[in-house]
Amino acid sequence: MRTLLLLGMFLSPLAFADSFEPSHNCNQPDIPYEFADQYQRDQFNAEVEEYKSCITDFVEEQQDAIRKHKSAADNAIEEWNSFARST
C-alpha cells in the first residue's frame, strides 16, 4: 500500500506543482551615472516603466494564485465541516 501511495505521488504532476518558488523574468534597467542627453533619459524612463509593469504583472499573477489556493482550501474545509456535522 505504501508503495502505491509513493508511486501515485511521483506520477501526479500536481504533487510537485508548488515545490518550486516562481520568480519573475523582468529585466532591471541599468542606472547610468549621468545622462548624456534627453534621448538617453527618455530611454531610461521607458525601461523603468517596462520593468515596473513586468513586476506588477508578476505580483498580480502570484496574488491571483494565492486567491485560488485559499478558495480551494476554504472549500475543502467547508466540505469537511459539512461532513463532520452530518455524522
# chains A, B, ... in the order shown; residues from 1 in each chain; ligands from 1

call {"tool": "residues_around", "arguments": {"residues": "A:Cys54", "least_positions_apart": "4", "cutoff": "8 Å", "atoms": "only C-alpha atoms", "output": "PyMOL selection string"}}
result
chain A and resi 26+50+58

call {"tool": "select_by_dssp", "arguments": {"residues": "stretch 32-62 of chain A", "states": "alpha helix (DSSP H)", "output": "compact mmCIF listing (two decimals) with N, CA, C and O atoms, in the first residue's frame"}}
result
# COMPACT_ATOMS: atom_id res chain seq x y z
N GLN A 38 18.77 64.05 -23.59
CA GLN A 38 17.36 63.81 -23.28
C GLN A 38 16.90 62.46 -23.81
O GLN A 38 16.11 61.77 -23.18
N TYR A 39 17.42 62.06 -24.97
CA TYR A 39 17.05 60.76 -25.53
C TYR A 39 17.43 59.63 -24.57
O TYR A 39 16.63 58.72 -24.34
N GLN A 40 18.61 59.69 -24.00
CA GLN A 40 19.06 58.66 -23.06
C GLN A 40 18.18 58.67 -21.82
O GLN A 40 17.81 57.62 -21.30
N ARG A 41 17.80 59.85 -21.34
CA ARG A 41 16.91 59.96 -20.18
C ARG A 41 15.53 59.36 -20.50
O ARG A 41 14.98 58.60 -19.71
N ASP A 42 15.02 59.68 -21.69
CA ASP A 42 13.72 59.16 -22.09
C ASP A 42 13.76 57.63 -22.25
O ASP A 42 12.82 56.94 -21.87
N GLN A 43 14.84 57.14 -22.81
CA GLN A 43 15.01 55.70 -22.99
C GLN A 43 15.04 55.00 -21.63
O GLN A 43 14.42 53.96 -21.43
N PHE A 44 15.78 55.58 -20.69
CA PHE A 44 15.85 55.01 -19.34
C PHE A 44 14.47 55.00 -18.69
O PHE A 44 14.06 53.99 -18.09
N ASN A 45 13.75 56.11 -18.80
CA ASN A 45 12.41 56.19 -18.20
C ASN A 45 11.47 55.15 -18.81
O ASN A 45 10.66 54.55 -18.10
N ALA A 46 11.60 54.90 -20.11
CA ALA A 46 10.78 53.87 -20.76
C ALA A 46 11.14 52.49 -20.23
O ALA A 46 10.25 51.65 -19.98
N GLU A 47 12.42 52.24 -20.02
CA GLU A 47 12.86 50.94 -19.47
C GLU A 47 12.38 50.77 -18.04
O GLU A 47 12.01 49.66 -17.63
N VAL A 48 12.37 51.85 -17.27
CA VAL A 48 11.88 51.79 -15.89
C VAL A 48 10.39 51.44 -15.89
O VAL A 48 9.95 50.59 -15.11
N GLU A 49 9.62 52.05 -16.76
CA GLU A 49 8.19 51.77 -16.84
C GLU A 49 7.93 50.33 -17.27
O GLU A 49 7.03 49.66 -16.75
N GLU A 50 8.74 49.83 -18.20
CA GLU A 50 8.61 48.44 -18.65
C GLU A 50 8.92 47.48 -17.50
O GLU A 50 8.22 46.49 -17.30
N TYR A 51 9.95 47.78 -16.73
CA TYR A 51 10.33 46.96 -15.58
C TYR A 51 9.22 46.98 -14.53
O TYR A 51 8.82 45.94 -14.01
N LYS A 52 8.71 48.16 -14.25
CA LYS A 52 7.62 48.29 -13.26
C LYS A 52 6.40 47.50 -13.70
O LYS A 52 5.79 46.78 -12.90
N SER A 53 6.04 47.58 -14.97
CA SER A 53 4.89 46.87 -15.50
C SER A 53 5.09 45.35 -15.40
O SER A 53 4.17 44.61 -15.02
N CYS A 54 6.28 44.90 -15.70
CA CYS A 54 6.60 43.47 -15.62
C CYS A 54 6.47 42.97 -14.18
O CYS A 54 5.86 41.92 -13.93
N ILE A 55 7.04 43.71 -13.24
CA ILE A 55 6.96 43.33 -11.82
C ILE A 55 5.50 43.34 -11.35
O ILE A 55 5.05 42.41 -10.67
N THR A 56 4.76 44.36 -11.73
CA THR A 56 3.36 44.48 -11.34
C THR A 56 2.55 43.29 -11.87
O THR A 56 1.74 42.70 -11.14
N ASP A 57 2.77 42.92 -13.13
CA ASP A 57 2.06 41.78 -13.71
C ASP A 57 2.40 40.49 -12.96
O ASP A 57 1.52 39.68 -12.67
N PHE A 58 3.68 40.30 -12.63
CA PHE A 58 4.10 39.11 -11.90
C PHE A 58 3.43 39.05 -10.53
O PHE A 58 2.90 38.01 -10.14
N VAL A 59 3.43 40.16 -9.81
CA VAL A 59 2.81 40.20 -8.48
C VAL A 59 1.31 39.90 -8.57
O VAL A 59 0.78 39.13 -7.78
N GLU A 60 0.64 40.47 -9.56
CA GLU A 60 -0.79 40.21 -9.72
C GLU A 60 -1.05 38.73 -10.01
O GLU A 60 -2.02 38.15 -9.49
N GLU A 61 -0.21 38.10 -10.84
CA GLU A 61 -0.37 36.68 -11.11
C GLU A 61 -0.21 35.85 -9.84
O GLU A 61 -0.96 34.89 -9.60
N GLN A 62 0.77 36.21 -9.02
CA GLN A 62 1.00 35.47 -7.78
C GLN A 62 -0.15 35.67 -6.80
O GLN A 62 -0.57 34.73 -6.12

call {"tool": "atom_distance", "arguments": {"atom1": "atom CA of A:Ile77", "atom2": "atom CA of A:Glu21"}}
result
25.1 Å

call {"tool": "atom_distance", "arguments": {"atom1": "atom CA of A:Glu78", "atom2": "atom CA of A:Asp64"}}
result
21.0 Å

call {"tool": "atom_distance", "arguments": {"atom1": "atom CA of A:Ile66", "atom2": "atom CA of A:Gln28"}}
result
25.2 Å
